[in-house]
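Asker: Pasting a structure below so you can have a look.
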Amino acid sequence: MAHAAFGCSAEGDAPAAPAAVSEEQRAAALLDPAAILPPRAETVALADAVAIASSRAGAPAQAASLAELAGDLRVRLFRLDQAATDAREAMELYGAAATAFRAVADPVHVERACQAERRRALLAGELAHDAAVAYRELYLVSRRYAALAPPAPSGGAPRSQCLGAIAVALAQAAAYRPSGDALRALEQEGHRVEGVALALAPGSSAAPASSASSASAAPVQVTTAEATGDLVVAPRAPAATTGPVKITSIERHGSDKGARVVVELSAPTTFDVGTLAADQSAGKDARVFVDIARATSRGIAREIEVGGVLRRVRVGVQPNGTRVVLDLAANLHRRIFYLPDPFRIVVDVTTRAPVRDDKDNPGGAREVRRVAIDPGHGGNDTGAVGPTGLKEKDVTLDVAHRVAPLLARELKIETLLTRDSDTYVPLELRTARANAFHADLFVSIHCNASDNGRARGVQTFSLAAPHDGEATSAQLAARENAARAQRGGQGADLGDPDARLEVAAILSNLNVGDMAARSRHFAELLQRSSLASLSPRYPDTKDQGVRGAGFFVLAGADMPAALFETAFISNPEDEARLATADFRQKMADAVVNAIRAYREGK
C-alpha cells in the first residue's frame, strides 16, 4: 500500500530566500516524491528537529501535526534506505501523533488519529515482513477507533474513512487472520483496547457511561463523593483475572496529618470500598474498608498497629475474598486507587481537603511553607549508572542535601527529604511521606538516561497522560516505575501503548481541581530555572523541555508535584558534569529558585 502524507502537505511556493524557510516547511517539501533528499545525516537531523518541536508545541493539534510530519519524513527515508531504525522511529512518531490528535477530542482530529495509527500498523507489518503482524495491528486500531467513532447514519456508510480503509485492508489480509486460541487472545486484547479508549474518552470519568456496553467495556471505573471529595479508581471485571489472588504485603505509613496503606497482590483483581462512621457508644473508630475479590491473606498479620490518624490496619476473611479495614482516629478525606504490575491497591487518608484551587488568588503570592524533596532511587536500587560508574542514587541524594539548607536559610521553608541516606524507599511511600508532611510542593530529583548515550540536557515532568506523544517520555516513566528493587525490579511496561493508556486512565483521575495545571506550571518554572542557573557556566546545556508522563512516584500527591531530570548520566559529558560539586550546586540553586518563583506567584 502506497505511503501518503496525511495532514502535512508541502508548501507549493517556497520562499526565495532559503534562510526564511522553517524546518517544518523544509520537511514538508521533502515529502514530494520528486524532491531530492539531502544527505542522510542532514535528513535525520531535520526529522529530529521537527519531532522536538512537536514535544514543545503548546497545542495538542500542532504537536500532533508536527509528530506526523516527522514520521512521514522518516518513512521516506525508510523507503530509500530500508533502515529499520527509520521505520521504528516513524512508528513511535505516528503513535505520538495519534495520542495528541485524540487529546483534541473532536471528530476531525480523532479521524486523523486513526489515520496515523493505520499507517503505524501497516509499517509494523512491513518492518516485520509479516502480514499477520499487520493484520493484528490493524484489527486493534479498528477496535479502538470503532469505540470512538460517531455512529453511522441509519442505512448509510460509516462516517470514518479511516475505519473503512482498515476494513478493506483486513478483508484483503483475511488469509492471515489467526485462529483458535490465538484468535480468542486477539479478540480479548481488542476488548481491552476498546475499553481503555472508552475510559479515556472525554467525559468518561466525570459522569456515568451513557450505555451499558460502554460501562462494561471500560477497565477503569471512577466514583466520587461530592460532599467529601472522596475518590475511588478501580478496575472493572474484564481488566482483572478470574483466578485466586494472594495478598503478598501490606505497606503502611502514618502521621498525625495523613496516612497511606499499600496492599500488594499477586495478580489483578476487583475491589469494593466502603466507609463506616465512628460509633462512640460502641467504642468503634471511623473506618474505611476494602473488600478484595478472591484474595487470600495467609501469612499477613491480622492486625497491624500504625499510629497517628491511622490507628491500625485489620485483615479479615470474607466469603468471597479478604477485607482490609483501616481504623481511623477521625473522619478523614479518602482516596483509593490501584497501580498495575505489580497490582497494588493504594488507600490515602488525610486531614487536608483534596481540592485547593488558585481561583481565589489568581496571579498572587502562594503559600509555600513546607516542601518535600525526593532523592530518586537509593539502597540496592542504584538507578541509572554512567559510563564511568557514577550512580544516579548518589547524585540525587547529594543535590537534595544541598537544596534543604538553602530552602531553610533563604526562604525559611521547612523541608522533608523522603530519604536522608542511602536507603531504599518504595515509590508509593515517598508520596505518602510528602502527603503526611502536608507539603505544599513535591520535587522528585533524578538523572536521565538514554539507550544510545548521545542525549544530553535537562528535562522536567509533571503527572499526566503523555499527550505530547513523546515515546521517550513513556519509556523513561517505565524505567523509573520499575524501580522496585525489593520486588525484582518489576514494573508496568509503559512502552506498550495499551499499558500506557491504562496507566493514563488511572493517573489522569488523580489530578483533582486544578492540580494538573499547577503541577505543569511548577514544572515549567523548574525547567526555566535550571536553564538560567546552568547557561552562564554551561552554555551548551540542551533544553529537553517539559512533558507529561505517568510516573508512579507522583501518583496521589495532594500538592503540585514535578519530577526533575538534572542531566543525562548516560552521556559521558553530562556524567562528568554531574560528578562535580559545581554542577550539583547549580541544580540545587535551580530547585530553590523555582520554589521561590512559585511562592511569589510567578
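Chain labels A, B, ... are given in the sequence in which chains occur in the C-alpha cells; within each chain residues are numbered consecutively from 1, and ligands are likewise numbered from 1 in the order shown.
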Please identify all polymer residues within 10 Å of region 84-96 of chain A, counting only C-alpha atoms, omitting same-chain residues fewer than 5 positions from it, and present them as number ranges by chain.
Answerer: A: 44, 47-48, 51, 54-55, 63-79, 101, 113-124, 126-128, 466-472, 497
Asker: Give the alpha helix (DSSP H) residues of region 22-160 of chain A, as DSSP finds them on the backbone, and put them as a ChimeraX atom specification.
Answerer: /A:23-29,40-56,60-81,84-104,107-128,131-148
Asker: Residues at most 9 Å from region 448-460 of chain A, counting only C-alpha atoms, excluding those fewer than 4 positions away in the same chain, as JSON, numbers by chain?
Answerer: {"A": [384, 385, 386, 387, 392, 472, 476, 523, 524, 526, 527, 530, 531, 540, 541, 542, 543, 544, 545, 546, 547, 548, 562, 563, 564, 565, 566, 567, 568, 569, 570, 571, 572, 573, 574]}
Asker: Generate a file of the selected residues that holds N, CA, C and O atoms, formatted as a short mmCIF file (atom, residue, chain, number, x, y, z; two decimals), in the first residue's frame.
Answerer:
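Final file, result.cif:
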data_model
loop_
_atom_site.label_atom_id
_atom_site.label_comp_id
_atom_site.auth_asym_id
_atom_site.auth_seq_id
_atom_site.Cartn_x
_atom_site.Cartn_y
_atom_site.Cartn_z
N ALA A 384 20.02 4.77 37.29
CA ALA A 384 20.90 4.69 36.12
C ALA A 384 22.36 4.83 36.55
O ALA A 384 22.67 5.49 37.55
N VAL A 385 23.25 4.21 35.78
CA VAL A 385 24.69 4.25 36.07
C VAL A 385 25.41 4.79 34.84
O VAL A 385 25.16 4.35 33.72
N GLY A 386 26.30 5.76 35.05
CA GLY A 386 27.01 6.39 33.95
C GLY A 386 28.13 5.54 33.40
O GLY A 386 28.49 4.50 33.97
N PRO A 387 28.75 5.97 32.29
CA PRO A 387 29.83 5.20 31.65
C PRO A 387 31.01 4.92 32.57
O PRO A 387 31.66 3.88 32.42
N GLU A 392 23.16 7.15 39.86
CA GLU A 392 22.09 8.14 39.98
C GLU A 392 21.71 8.36 41.43
O GLU A 392 21.48 9.50 41.86
N THR A 472 9.66 8.63 24.14
CA THR A 472 10.72 8.51 25.13
C THR A 472 10.22 8.87 26.53
O THR A 472 10.76 8.39 27.52
N LEU A 476 10.90 6.46 29.65
CA LEU A 476 11.54 6.93 30.87
C LEU A 476 10.67 6.64 32.09
O LEU A 476 11.16 6.18 33.12
N ALA A 523 6.42 22.73 37.05
CA ALA A 523 7.43 22.05 36.24
C ALA A 523 8.07 23.02 35.24
O ALA A 523 9.29 22.98 35.01
N GLU A 524 7.27 23.89 34.66
CA GLU A 524 7.82 24.88 33.72
C GLU A 524 8.75 25.86 34.43
O GLU A 524 9.81 26.23 33.88
N LEU A 526 10.51 25.18 37.05
CA LEU A 526 11.71 24.41 37.39
C LEU A 526 12.61 24.25 36.17
O LEU A 526 13.84 24.37 36.26
N GLN A 527 12.01 24.00 35.01
CA GLN A 527 12.81 23.86 33.79
C GLN A 527 13.50 25.18 33.44
O GLN A 527 14.70 25.20 33.13
N SER A 530 16.35 25.94 35.87
CA SER A 530 17.56 25.13 35.66
C SER A 530 18.39 25.66 34.49
O SER A 530 19.62 25.71 34.56
N LEU A 531 17.73 26.06 33.43
CA LEU A 531 18.46 26.61 32.28
C LEU A 531 19.13 27.92 32.64
O LEU A 531 20.28 28.19 32.23
N ASP A 540 26.20 25.25 26.56
CA ASP A 540 25.73 24.25 25.60
C ASP A 540 24.66 23.34 26.20
O ASP A 540 24.30 22.32 25.59
N THR A 541 24.13 23.68 27.38
CA THR A 541 23.09 22.86 28.00
C THR A 541 21.87 22.80 27.10
O THR A 541 21.36 23.82 26.65
N LYS A 542 21.40 21.60 26.85
CA LYS A 542 20.26 21.41 25.93
C LYS A 542 18.95 21.42 26.72
O LYS A 542 18.82 20.77 27.76
N ASP A 543 17.99 22.17 26.21
CA ASP A 543 16.66 22.25 26.81
C ASP A 543 15.81 21.10 26.26
O ASP A 543 15.36 21.14 25.12
N GLN A 544 15.57 20.08 27.10
CA GLN A 544 14.75 18.94 26.68
C GLN A 544 13.27 19.16 26.94
O GLN A 544 12.45 18.29 26.64
N GLY A 545 12.91 20.29 27.53
CA GLY A 545 11.51 20.66 27.63
C GLY A 545 10.78 20.09 28.83
O GLY A 545 11.33 19.37 29.66
N VAL A 546 9.50 20.45 28.91
CA VAL A 546 8.60 19.99 29.97
C VAL A 546 7.56 19.07 29.35
O VAL A 546 6.94 19.43 28.35
N ARG A 547 7.37 17.92 29.96
CA ARG A 547 6.45 16.94 29.39
C ARG A 547 5.61 16.30 30.48
O ARG A 547 5.90 16.43 31.67
N GLY A 548 4.59 15.59 30.05
CA GLY A 548 3.74 14.84 30.97
C GLY A 548 3.98 13.36 30.79
O GLY A 548 4.19 12.88 29.68
N ALA A 562 6.47 17.70 40.70
CA ALA A 562 7.24 17.62 39.46
C ALA A 562 8.39 16.66 39.64
O ALA A 562 8.91 16.49 40.75
N LEU A 563 8.78 16.03 38.55
CA LEU A 563 9.95 15.15 38.54
C LEU A 563 11.02 15.83 37.69
O LEU A 563 10.78 16.16 36.52
N PHE A 564 12.18 16.05 38.27
CA PHE A 564 13.25 16.86 37.69
C PHE A 564 14.41 15.97 37.27
O PHE A 564 15.04 15.33 38.11
N GLU A 565 14.66 15.89 35.95
CA GLU A 565 15.79 15.12 35.41
C GLU A 565 16.95 16.09 35.20
O GLU A 565 16.97 16.88 34.26
N THR A 566 17.95 16.01 36.09
CA THR A 566 19.01 17.01 36.14
C THR A 566 19.91 17.01 34.91
O THR A 566 20.37 18.06 34.47
N ALA A 567 20.22 15.82 34.37
CA ALA A 567 21.09 15.69 33.20
C ALA A 567 21.09 14.22 32.81
O ALA A 567 20.57 13.38 33.54
N PHE A 568 21.69 13.91 31.65
CA PHE A 568 21.75 12.52 31.19
C PHE A 568 23.03 11.86 31.72
O PHE A 568 24.12 12.08 31.18
N ILE A 569 22.87 11.06 32.74
CA ILE A 569 24.04 10.39 33.33
C ILE A 569 24.63 9.38 32.35
O ILE A 569 25.79 8.97 32.49
N SER A 570 23.86 8.96 31.35
CA SER A 570 24.34 8.00 30.35
C SER A 570 25.26 8.66 29.32
O SER A 570 25.94 7.96 28.57
N ASN A 571 25.27 9.99 29.28
CA ASN A 571 26.13 10.72 28.34
C ASN A 571 27.46 11.05 29.01
O ASN A 571 27.48 11.57 30.13
N PRO A 572 28.60 10.76 28.39
CA PRO A 572 29.89 10.99 29.05
C PRO A 572 30.10 12.43 29.51
O PRO A 572 30.61 12.66 30.61
N GLU A 573 29.71 13.42 28.67
CA GLU A 573 29.91 14.82 29.06
C GLU A 573 28.99 15.20 30.22
O GLU A 573 29.42 15.85 31.19
N ASP A 574 27.71 14.80 30.14
CA ASP A 574 26.80 15.11 31.23
C ASP A 574 27.21 14.39 32.51
O ASP A 574 27.10 14.94 33.61
#
Asker: Hey, can you check how far CA of Leu407 (chain A) sits from CA of Met559 (chain A)?
Answerer: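 It comes out at 17.7 Å.
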Asker: For each of A:Ala131, A:Ala293, A:Ala557, A:Leu463, take the minimum atom-to-atom distance to Gly258 (chain A), counting only C-alpha atoms, then give the residue where this is smallest.
Answerer: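 Of all the options, A:Ala557 lies closest to Gly258 (chain A).
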Asker: Using only C-alpha atoms, pick whichever of A:Pro340, A:Gly379, A:Gly243, A:Pro536 has the shortest atom-to-atom distance to Gly550 (chain A).
Answerer: A:Pro340
Asker: Just how far from CA of His438 (chain A) is CA of Glu305 (chain A), in Å to one decimal?
Answerer: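 Spanning CA of Glu305 (chain A) to CA of His438 (chain A) is a straight-line distance of 22.1 Å.
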Asker: For Val317 (chain A), which of A:Asn331, A:Thr296, A:Gln585, A:Gln188 is the closest residue, counting only C-alpha atoms?
Answerer: A:Thr296
Asker: Considering only C-alpha atoms, return as a list in words whatever protein or nucleic-acid residues lie within 6 Å of region 423-426 of chain A, sequence-local ones (same chain, fewer than 2 positions apart) excluded.
Answerer: Gly378, Gly379, Ser421, Glu428 and Leu429 of chain A
Asker: Given the selection you just returned, output its residues as a file containing N, CA, C and O atoms, formatted as an mmCIF file, in the first residue's frame.
Answerer:
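And here is the file that came out, selection.cif:
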data_model
loop_
_atom_site.group_PDB
_atom_site.id
_atom_site.type_symbol
_atom_site.label_atom_id
_atom_site.label_comp_id
_atom_site.auth_asym_id
_atom_site.auth_seq_id
_atom_site.Cartn_x
_atom_site.Cartn_y
_atom_site.Cartn_z
ATOM 1 N N GLY A 378 17.975 4.707 45.595
ATOM 2 C CA GLY A 378 18.573 4.533 46.909
ATOM 3 C C GLY A 378 18.692 3.071 47.310
ATOM 4 O O GLY A 378 17.948 2.204 46.827
ATOM 5 N N GLY A 379 19.643 2.780 48.180
ATOM 6 C CA GLY A 379 19.863 1.406 48.620
ATOM 7 C C GLY A 379 20.317 0.531 47.472
ATOM 8 O O GLY A 379 21.192 0.909 46.689
ATOM 9 N N SER A 421 19.380 9.114 53.531
ATOM 10 C CA SER A 421 20.600 8.318 53.463
ATOM 11 C C SER A 421 20.469 7.339 52.311
ATOM 12 O O SER A 421 19.466 7.340 51.586
ATOM 13 N N GLU A 428 5.634 4.298 46.369
ATOM 14 C CA GLU A 428 4.364 4.714 46.945
ATOM 15 C C GLU A 428 4.552 5.420 48.286
ATOM 16 O O GLU A 428 3.783 6.321 48.634
ATOM 17 N N LEU A 429 5.570 5.009 49.052
ATOM 18 C CA LEU A 429 5.760 5.610 50.371
ATOM 19 C C LEU A 429 6.434 6.977 50.287
ATOM 20 O O LEU A 429 6.338 7.779 51.220
#
Asker: Quick one: residues within 7 Å of Ser519 (chain A), only C-alpha atoms, excluding same-chain residues fewer than 5 positions away - as a PyMOL selection string?
Answerer: chain A and resi 462+560-562
Asker: Suppose we keep N, CA, C and O atoms; can you now write the selection as a short mmCIF file (atom, residue, chain, number, x, y, z; two decimals), in the first residue's frame?
Answerer:
data_model
loop_
_atom_site.label_atom_id
_atom_site.label_comp_id
_atom_site.auth_asym_id
_atom_site.auth_seq_id
_atom_site.Cartn_x
_atom_site.Cartn_y
_atom_site.Cartn_z
N SER A 462 5.61 16.52 34.72
CA SER A 462 4.50 16.51 35.67
C SER A 462 3.66 15.28 35.38
O SER A 462 3.82 14.64 34.33
N PRO A 560 1.03 20.29 44.22
CA PRO A 560 1.72 20.34 42.93
C PRO A 560 3.05 19.58 43.01
O PRO A 560 3.81 19.74 43.97
N ALA A 561 3.30 18.75 42.00
CA ALA A 561 4.47 17.86 42.04
C ALA A 561 5.14 17.81 40.68
O ALA A 561 4.47 17.86 39.65
N ALA A 562 6.47 17.70 40.70
CA ALA A 562 7.24 17.62 39.46
C ALA A 562 8.39 16.66 39.64
O ALA A 562 8.91 16.49 40.75
#
Asker: May I ask for the distance between CA of Gly364 (chain A) and CA of Tyr598 (chain A), given in Å to one decimal place?
Answerer: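 That distance, rounded to one decimal, is 9.8 Å.
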